[in-house]
$ cat model09.cif   # mmCIF, N, CA and C atoms
data_my_file
#
loop_
_atom_site.label_atom_id
_atom_site.label_comp_id
_atom_site.auth_asym_id
_atom_site.auth_seq_id
_atom_site.Cartn_x
_atom_site.Cartn_y
_atom_site.Cartn_z
N MET R 1 84.09 -32.20 190.72
CA MET R 1 83.43 -32.48 191.98
C MET R 1 81.94 -32.71 191.71
N ALA R 2 81.42 -33.78 192.24
CA ALA R 2 80.00 -34.07 192.07
C ALA R 2 79.19 -33.38 193.17
N TYR R 3 78.22 -32.61 192.74
CA TYR R 3 77.36 -31.91 193.69
C TYR R 3 76.14 -32.74 194.02
N THR R 4 75.54 -32.48 195.16
CA THR R 4 74.32 -33.16 195.58
C THR R 4 73.17 -32.67 194.71
N PRO R 5 72.45 -33.59 194.06
CA PRO R 5 71.33 -33.17 193.20
C PRO R 5 70.20 -32.53 194.00
N VAL R 6 69.45 -31.68 193.34
CA VAL R 6 68.29 -31.03 193.95
C VAL R 6 67.09 -31.97 193.82
N THR R 7 66.30 -32.08 194.88
CA THR R 7 65.11 -32.94 194.86
C THR R 7 63.85 -32.10 194.69
N ALA R 8 62.79 -32.77 194.28
CA ALA R 8 61.50 -32.09 194.14
C ALA R 8 61.04 -31.54 195.49
N ALA R 9 61.29 -32.27 196.56
CA ALA R 9 60.89 -31.81 197.89
C ALA R 9 61.64 -30.53 198.28
N ALA R 10 62.95 -30.49 198.01
CA ALA R 10 63.74 -29.29 198.31
C ALA R 10 63.26 -28.12 197.46
N PHE R 11 62.95 -28.39 196.20
CA PHE R 11 62.46 -27.34 195.30
C PHE R 11 61.14 -26.75 195.82
N LYS R 12 60.22 -27.61 196.22
CA LYS R 12 58.93 -27.15 196.72
C LYS R 12 59.06 -26.39 198.03
N THR R 13 60.05 -26.75 198.84
CA THR R 13 60.30 -26.01 200.07
C THR R 13 60.80 -24.61 199.75
N ARG R 14 61.70 -24.51 198.77
CA ARG R 14 62.25 -23.21 198.39
C ARG R 14 61.22 -22.35 197.66
N PHE R 15 60.39 -22.97 196.83
CA PHE R 15 59.39 -22.25 196.03
C PHE R 15 57.99 -22.81 196.32
N PRO R 16 57.41 -22.44 197.46
CA PRO R 16 56.10 -23.01 197.83
C PRO R 16 54.98 -22.66 196.85
N ILE R 17 55.18 -21.66 196.02
CA ILE R 17 54.16 -21.33 195.02
C ILE R 17 53.93 -22.48 194.05
N PHE R 18 54.95 -23.35 193.92
CA PHE R 18 54.84 -24.49 193.01
C PHE R 18 54.51 -25.79 193.77
N ALA R 19 54.06 -25.68 195.01
CA ALA R 19 53.80 -26.86 195.84
C ALA R 19 52.73 -27.78 195.24
N THR R 20 51.82 -27.23 194.47
CA THR R 20 50.76 -28.06 193.88
C THR R 20 51.19 -28.73 192.58
N SER R 21 52.36 -28.38 192.07
CA SER R 21 52.87 -29.03 190.86
C SER R 21 53.29 -30.45 191.21
N SER R 22 53.11 -31.35 190.27
CA SER R 22 53.43 -32.76 190.54
C SER R 22 54.94 -32.95 190.67
N ASP R 23 55.31 -33.90 191.52
CA ASP R 23 56.73 -34.23 191.68
C ASP R 23 57.32 -34.72 190.36
N THR R 24 56.52 -35.45 189.59
CA THR R 24 56.99 -35.97 188.30
C THR R 24 57.38 -34.83 187.36
N LEU R 25 56.56 -33.81 187.29
CA LEU R 25 56.86 -32.65 186.44
C LEU R 25 58.10 -31.93 186.96
N ILE R 26 58.16 -31.69 188.26
CA ILE R 26 59.30 -30.98 188.83
C ILE R 26 60.58 -31.78 188.62
N GLU R 27 60.54 -33.09 188.81
CA GLU R 27 61.73 -33.92 188.60
C GLU R 27 62.18 -33.88 187.15
N ALA R 28 61.23 -33.87 186.22
CA ALA R 28 61.59 -33.77 184.80
C ALA R 28 62.27 -32.43 184.50
N LEU R 29 61.74 -31.35 185.07
CA LEU R 29 62.34 -30.03 184.84
C LEU R 29 63.67 -29.88 185.58
N LEU R 30 63.81 -30.50 186.75
CA LEU R 30 65.10 -30.51 187.44
C LEU R 30 66.15 -31.22 186.57
N ALA R 31 65.77 -32.33 185.97
CA ALA R 31 66.69 -33.06 185.09
C ALA R 31 67.08 -32.21 183.89
N GLU R 32 66.12 -31.49 183.34
CA GLU R 32 66.41 -30.58 182.22
C GLU R 32 67.36 -29.47 182.66
N ALA R 33 67.12 -28.91 183.83
CA ALA R 33 67.98 -27.84 184.35
C ALA R 33 69.40 -28.35 184.59
N MET R 34 69.52 -29.59 185.06
CA MET R 34 70.84 -30.14 185.35
C MET R 34 71.65 -30.43 184.09
N LEU R 35 71.02 -30.36 182.93
CA LEU R 35 71.78 -30.45 181.67
C LEU R 35 72.58 -29.17 181.45
N MET R 36 72.09 -28.06 181.97
CA MET R 36 72.74 -26.78 181.79
C MET R 36 73.59 -26.38 183.01
N VAL R 37 73.15 -26.76 184.17
CA VAL R 37 73.88 -26.46 185.41
C VAL R 37 74.58 -27.76 185.80
N ASP R 38 75.90 -27.77 185.67
CA ASP R 38 76.62 -29.01 185.90
C ASP R 38 77.69 -28.85 186.99
N ASP R 39 78.51 -29.87 187.14
CA ASP R 39 79.52 -29.88 188.20
C ASP R 39 80.65 -28.88 187.99
N SER R 40 80.66 -28.19 186.87
CA SER R 40 81.70 -27.19 186.64
C SER R 40 81.37 -25.86 187.31
N TRP R 41 80.18 -25.73 187.89
CA TRP R 41 79.84 -24.50 188.60
C TRP R 41 80.72 -24.38 189.83
N LEU R 42 80.92 -23.17 190.31
CA LEU R 42 81.93 -22.88 191.32
C LEU R 42 81.70 -23.48 192.69
N SER R 43 80.46 -23.66 193.10
CA SER R 43 80.18 -24.17 194.45
C SER R 43 78.86 -24.92 194.48
N GLN R 44 78.68 -25.70 195.53
CA GLN R 44 77.41 -26.39 195.73
C GLN R 44 76.26 -25.39 195.85
N ALA R 45 76.51 -24.28 196.53
CA ALA R 45 75.46 -23.26 196.72
C ALA R 45 75.02 -22.68 195.37
N ASP R 46 75.99 -22.33 194.51
CA ASP R 46 75.64 -21.80 193.19
C ASP R 46 74.94 -22.86 192.35
N TYR R 47 75.43 -24.10 192.42
CA TYR R 47 74.83 -25.20 191.67
C TYR R 47 73.36 -25.38 192.08
N THR R 48 73.12 -25.47 193.38
CA THR R 48 71.76 -25.68 193.89
C THR R 48 70.85 -24.52 193.49
N ALA R 49 71.32 -23.29 193.71
CA ALA R 49 70.51 -22.12 193.36
C ALA R 49 70.26 -22.08 191.85
N GLY R 50 71.29 -22.37 191.06
CA GLY R 50 71.14 -22.35 189.61
C GLY R 50 70.11 -23.35 189.13
N VAL R 51 70.18 -24.58 189.64
CA VAL R 51 69.20 -25.61 189.26
C VAL R 51 67.80 -25.19 189.68
N MET R 52 67.68 -24.66 190.89
CA MET R 52 66.35 -24.28 191.39
C MET R 52 65.76 -23.11 190.60
N TYR R 53 66.57 -22.06 190.37
CA TYR R 53 66.05 -20.91 189.62
C TYR R 53 65.72 -21.28 188.18
N LEU R 54 66.56 -22.09 187.56
CA LEU R 54 66.26 -22.50 186.18
C LEU R 54 65.00 -23.36 186.14
N THR R 55 64.85 -24.26 187.09
CA THR R 55 63.64 -25.10 187.15
C THR R 55 62.40 -24.24 187.37
N ALA R 56 62.49 -23.28 188.30
CA ALA R 56 61.35 -22.38 188.55
C ALA R 56 61.01 -21.58 187.30
N HIS R 57 62.05 -21.11 186.59
CA HIS R 57 61.82 -20.36 185.35
C HIS R 57 61.11 -21.24 184.31
N LEU R 58 61.60 -22.47 184.15
CA LEU R 58 60.98 -23.38 183.18
C LEU R 58 59.54 -23.69 183.57
N LEU R 59 59.32 -23.92 184.85
CA LEU R 59 57.97 -24.21 185.33
C LEU R 59 57.05 -23.01 185.14
N ALA R 60 57.54 -21.83 185.45
CA ALA R 60 56.72 -20.61 185.30
C ALA R 60 56.41 -20.34 183.83
N THR R 61 57.38 -20.49 182.96
CA THR R 61 57.13 -20.21 181.55
C THR R 61 56.28 -21.31 180.92
N ASP R 62 56.46 -22.55 181.35
CA ASP R 62 55.59 -23.63 180.87
C ASP R 62 54.15 -23.39 181.31
N ASN R 63 53.96 -22.98 182.57
CA ASN R 63 52.62 -22.69 183.07
C ASN R 63 52.02 -21.49 182.35
N SER R 64 52.86 -20.51 182.03
CA SER R 64 52.38 -19.33 181.32
C SER R 64 51.88 -19.71 179.94
N ALA R 65 52.62 -20.57 179.26
CA ALA R 65 52.22 -21.00 177.92
C ALA R 65 50.92 -21.80 177.98
N ALA R 66 50.70 -22.48 179.09
CA ALA R 66 49.49 -23.29 179.23
C ALA R 66 48.30 -22.47 179.73
N GLY R 67 48.51 -21.17 179.98
CA GLY R 67 47.42 -20.32 180.40
C GLY R 67 47.29 -20.15 181.90
N SER R 68 48.24 -20.68 182.66
CA SER R 68 48.20 -20.53 184.11
C SER R 68 48.68 -19.14 184.49
N SER R 69 48.42 -18.75 185.70
CA SER R 69 48.81 -17.41 186.14
C SER R 69 50.00 -17.43 187.10
N VAL R 70 50.84 -18.45 187.03
CA VAL R 70 51.96 -18.58 187.96
C VAL R 70 53.25 -18.03 187.35
N VAL R 71 53.23 -16.84 186.82
CA VAL R 71 54.45 -16.24 186.31
C VAL R 71 54.82 -15.11 187.25
N ILE R 72 55.83 -15.34 188.05
CA ILE R 72 56.25 -14.37 189.05
C ILE R 72 57.32 -13.48 188.44
N GLY R 73 57.14 -12.18 188.57
CA GLY R 73 58.14 -11.27 188.05
C GLY R 73 58.10 -11.14 186.54
N ALA R 74 57.02 -11.54 185.92
CA ALA R 74 56.93 -11.41 184.48
C ALA R 74 56.94 -9.95 184.09
N GLY R 75 57.46 -9.69 182.94
CA GLY R 75 57.55 -8.31 182.51
C GLY R 75 58.81 -7.68 183.04
N ALA R 76 59.10 -6.50 182.59
CA ALA R 76 60.40 -5.93 182.91
C ALA R 76 60.43 -5.14 184.20
N GLY R 77 59.40 -4.37 184.49
CA GLY R 77 59.51 -3.54 185.67
C GLY R 77 58.17 -2.97 186.09
N GLY R 78 58.22 -2.10 187.08
CA GLY R 78 57.01 -1.50 187.63
C GLY R 78 56.67 -0.19 186.96
N VAL R 79 55.78 0.54 187.58
CA VAL R 79 55.34 1.82 187.05
C VAL R 79 56.46 2.85 187.23
N ALA R 80 56.82 3.53 186.14
CA ALA R 80 57.87 4.55 186.19
C ALA R 80 57.26 5.93 186.42
N SER R 81 56.10 6.19 185.82
CA SER R 81 55.42 7.46 186.02
C SER R 81 53.93 7.28 185.78
N GLU R 82 53.17 8.24 186.28
CA GLU R 82 51.72 8.18 186.10
C GLU R 82 51.17 9.59 186.10
N SER R 83 50.03 9.77 185.56
CA SER R 83 49.30 11.04 185.67
C SER R 83 47.83 10.69 185.79
N PHE R 84 47.04 11.64 186.21
CA PHE R 84 45.65 11.34 186.50
C PHE R 84 44.70 11.98 185.52
N GLY R 85 44.84 13.27 185.28
CA GLY R 85 43.89 14.00 184.42
C GLY R 85 43.79 13.43 183.02
N GLY R 86 44.90 13.27 182.36
CA GLY R 86 44.89 12.75 180.99
C GLY R 86 45.03 11.25 180.93
N MET R 87 44.96 10.58 182.07
CA MET R 87 45.07 9.12 182.17
C MET R 87 46.30 8.59 181.44
N SER R 88 47.44 8.83 181.95
CA SER R 88 48.69 8.37 181.35
C SER R 88 49.46 7.52 182.35
N ILE R 89 50.14 6.53 181.87
CA ILE R 89 50.99 5.68 182.72
C ILE R 89 52.15 5.18 181.87
N SER R 90 53.31 5.10 182.46
CA SER R 90 54.44 4.50 181.75
C SER R 90 55.14 3.53 182.68
N TYR R 91 55.77 2.54 182.09
CA TYR R 91 56.39 1.47 182.85
C TYR R 91 57.90 1.50 182.72
N ASP R 92 58.55 1.10 183.80
CA ASP R 92 60.00 0.95 183.80
C ASP R 92 60.34 -0.27 182.96
N LYS R 93 61.27 -0.10 182.05
CA LYS R 93 61.64 -1.22 181.20
C LYS R 93 62.63 -2.15 181.88
N GLY R 94 62.97 -1.85 183.12
CA GLY R 94 63.87 -2.74 183.85
C GLY R 94 65.28 -2.61 183.36
N ALA R 95 65.85 -3.73 182.95
CA ALA R 95 67.24 -3.76 182.50
C ALA R 95 67.40 -2.96 181.21
N SER R 96 68.60 -2.49 180.99
CA SER R 96 68.87 -1.71 179.79
C SER R 96 68.74 -2.58 178.55
N ALA R 97 68.57 -1.95 177.42
CA ALA R 97 68.42 -2.67 176.17
C ALA R 97 69.66 -3.48 175.84
N ASN R 98 70.81 -3.11 176.42
CA ASN R 98 72.04 -3.84 176.15
C ASN R 98 72.23 -5.04 177.06
N ASP R 99 71.40 -5.19 178.08
CA ASP R 99 71.54 -6.30 179.00
C ASP R 99 71.09 -7.59 178.31
N ALA R 100 71.98 -8.58 178.31
CA ALA R 100 71.69 -9.83 177.61
C ALA R 100 70.45 -10.52 178.17
N ALA R 101 70.23 -10.43 179.47
CA ALA R 101 69.07 -11.10 180.07
C ALA R 101 67.77 -10.52 179.56
N SER R 102 67.74 -9.20 179.32
CA SER R 102 66.49 -8.59 178.86
C SER R 102 66.21 -8.97 177.41
N LYS R 103 67.24 -9.34 176.65
CA LYS R 103 67.05 -9.72 175.25
C LYS R 103 66.80 -11.20 175.08
N SER R 104 67.01 -11.97 176.12
CA SER R 104 66.91 -13.41 175.99
C SER R 104 65.69 -13.95 176.70
N GLN R 105 65.58 -15.23 176.66
CA GLN R 105 64.48 -15.92 177.33
C GLN R 105 64.53 -15.75 178.84
N TRP R 106 65.69 -15.47 179.40
CA TRP R 106 65.83 -15.38 180.86
C TRP R 106 65.11 -14.16 181.43
N GLY R 107 64.90 -13.14 180.66
CA GLY R 107 64.30 -11.91 181.16
C GLY R 107 62.80 -11.98 181.39
N SER R 108 62.17 -13.08 181.01
CA SER R 108 60.71 -13.14 181.11
C SER R 108 60.19 -13.44 182.52
N THR R 109 61.05 -13.91 183.42
CA THR R 109 60.63 -14.14 184.81
C THR R 109 61.75 -13.68 185.74
N GLU R 110 61.39 -13.40 186.98
CA GLU R 110 62.42 -13.07 187.98
C GLU R 110 63.33 -14.27 188.22
N TYR R 111 62.77 -15.47 188.14
CA TYR R 111 63.58 -16.67 188.30
C TYR R 111 64.66 -16.73 187.21
N GLY R 112 64.25 -16.45 186.00
CA GLY R 112 65.20 -16.47 184.88
C GLY R 112 66.28 -15.42 185.03
N ARG R 113 65.89 -14.23 185.49
CA ARG R 113 66.88 -13.16 185.69
C ARG R 113 67.89 -13.55 186.78
N ARG R 114 67.40 -14.17 187.84
CA ARG R 114 68.32 -14.61 188.91
C ARG R 114 69.22 -15.74 188.40
N PHE R 115 68.66 -16.66 187.62
CA PHE R 115 69.47 -17.72 187.04
C PHE R 115 70.55 -17.12 186.14
N PHE R 116 70.19 -16.16 185.33
CA PHE R 116 71.14 -15.56 184.40
C PHE R 116 72.30 -14.90 185.15
N ARG R 117 72.01 -14.24 186.27
CA ARG R 117 73.09 -13.64 187.08
C ARG R 117 74.05 -14.73 187.58
N LEU R 118 73.51 -15.84 188.05
CA LEU R 118 74.35 -16.95 188.48
C LEU R 118 75.13 -17.55 187.32
N LEU R 119 74.48 -17.66 186.18
CA LEU R 119 75.14 -18.20 184.99
C LEU R 119 76.35 -17.36 184.61
N LYS R 120 76.18 -16.03 184.64
CA LYS R 120 77.30 -15.14 184.29
C LYS R 120 78.45 -15.28 185.29
N LEU R 121 78.14 -15.51 186.56
CA LEU R 121 79.19 -15.69 187.57
C LEU R 121 79.95 -17.01 187.38
N ASN R 122 79.22 -18.04 187.00
CA ASN R 122 79.82 -19.36 186.91
C ASN R 122 80.32 -19.73 185.52
N LYS R 123 79.84 -19.09 184.51
CA LYS R 123 80.26 -19.34 183.13
C LYS R 123 80.52 -18.00 182.43
N PRO R 124 81.54 -17.27 182.88
CA PRO R 124 81.79 -15.96 182.30
C PRO R 124 82.21 -16.06 180.84
N ALA R 125 81.92 -15.02 180.10
CA ALA R 125 82.36 -14.95 178.71
C ALA R 125 83.88 -14.91 178.66
N ILE R 126 84.44 -15.61 177.71
CA ILE R 126 85.90 -15.63 177.58
C ILE R 126 86.27 -14.78 176.38
N VAL R 127 87.23 -13.90 176.60
CA VAL R 127 87.70 -13.03 175.53
C VAL R 127 89.17 -13.32 175.31
N SER R 128 89.54 -13.55 174.07
CA SER R 128 90.96 -13.73 173.78
C SER R 128 91.42 -12.60 172.88
N VAL R 129 92.62 -12.17 173.10
CA VAL R 129 93.17 -11.04 172.34
C VAL R 129 94.33 -11.51 171.50
#
$ encode --input "model09.cif" --output "structure tokens"
Amino acid sequence: MAYTPVTAAAFKTRFPIFATSSDTLIEALLAEAMLMVDDSWLSQADYTAGVMYLTAHLLATDNSAAGSSVVIGAGAGGVASESFGGMSISYDKGASANDAASKSQWGSTEYGRRFFRLLKLNKPAIVSV
């Protein structure tokens, strides 16, 4: 089944933080995302969300590499504990060390983590016995 492609305008509506990014760049990243998110995904909704989250992840990580500050959800988690007198702070590592998303490129942004969850739903690991 052929799904309706995602447009730059739809992407910018869903992710207004990227509204100042050029349509040309977004269209190029949408095309890149559609190489990985294809018509074999379970539904139009999953396909659209997958393309959008993967595009946002690519855009955020590309901007991060270029020195921009548009990385949403970067890092693993928030503050887990703090103290005042001895000035101590520790951070939540987020996902467990065994979680594939935390070990891969997808764990670097919230967009990537959301994409990875959709990827696991639509392309589950196959085990043969």
$ residues_around --input "model09.cif" --residues "Gly112 of chain R" --least-positions-apart "5" --cutoff "6.5 Å" --atoms "only N, CA and C atoms" --output "PyMOL selection string"
chain R and resi 53-54+56-57+105-107+117
$ closest_residue --input "model09.cif" --among "R:Asp38, R:Glu32, R:Thr55, R:Ala2" --to "Arg14 of chain R" --atoms "only C-alpha atoms"
R:Thr55
$ closest_residue --input "model09.cif" --among "R:Ser40, R:Ser22, R:Glu27, R:Leu121" --to "Thr7 of chain R" --atoms "all atoms listed in the file"
R:Glu27
$ atom_distance --input "model09.cif" --atom1 "atom CA of Ser43 of chain R" --atom2 "atom CA of Leu30 of chain R"
17.8 Å
$ residues_around --input "model09.cif" --residues "segment 44-48 of chain R" --least-positions-apart "6" --cutoff "6.5 Å" --atoms "all atoms listed in the file" --output "list in words"
Tyr3, Thr4, Val6 and Val37 of chain R
$ atom_distance --input "model09.cif" --atom1 "atom CA of Pro16 of chain R" --atom2 "atom CA of Lys123 of chain R"
28.5 Å
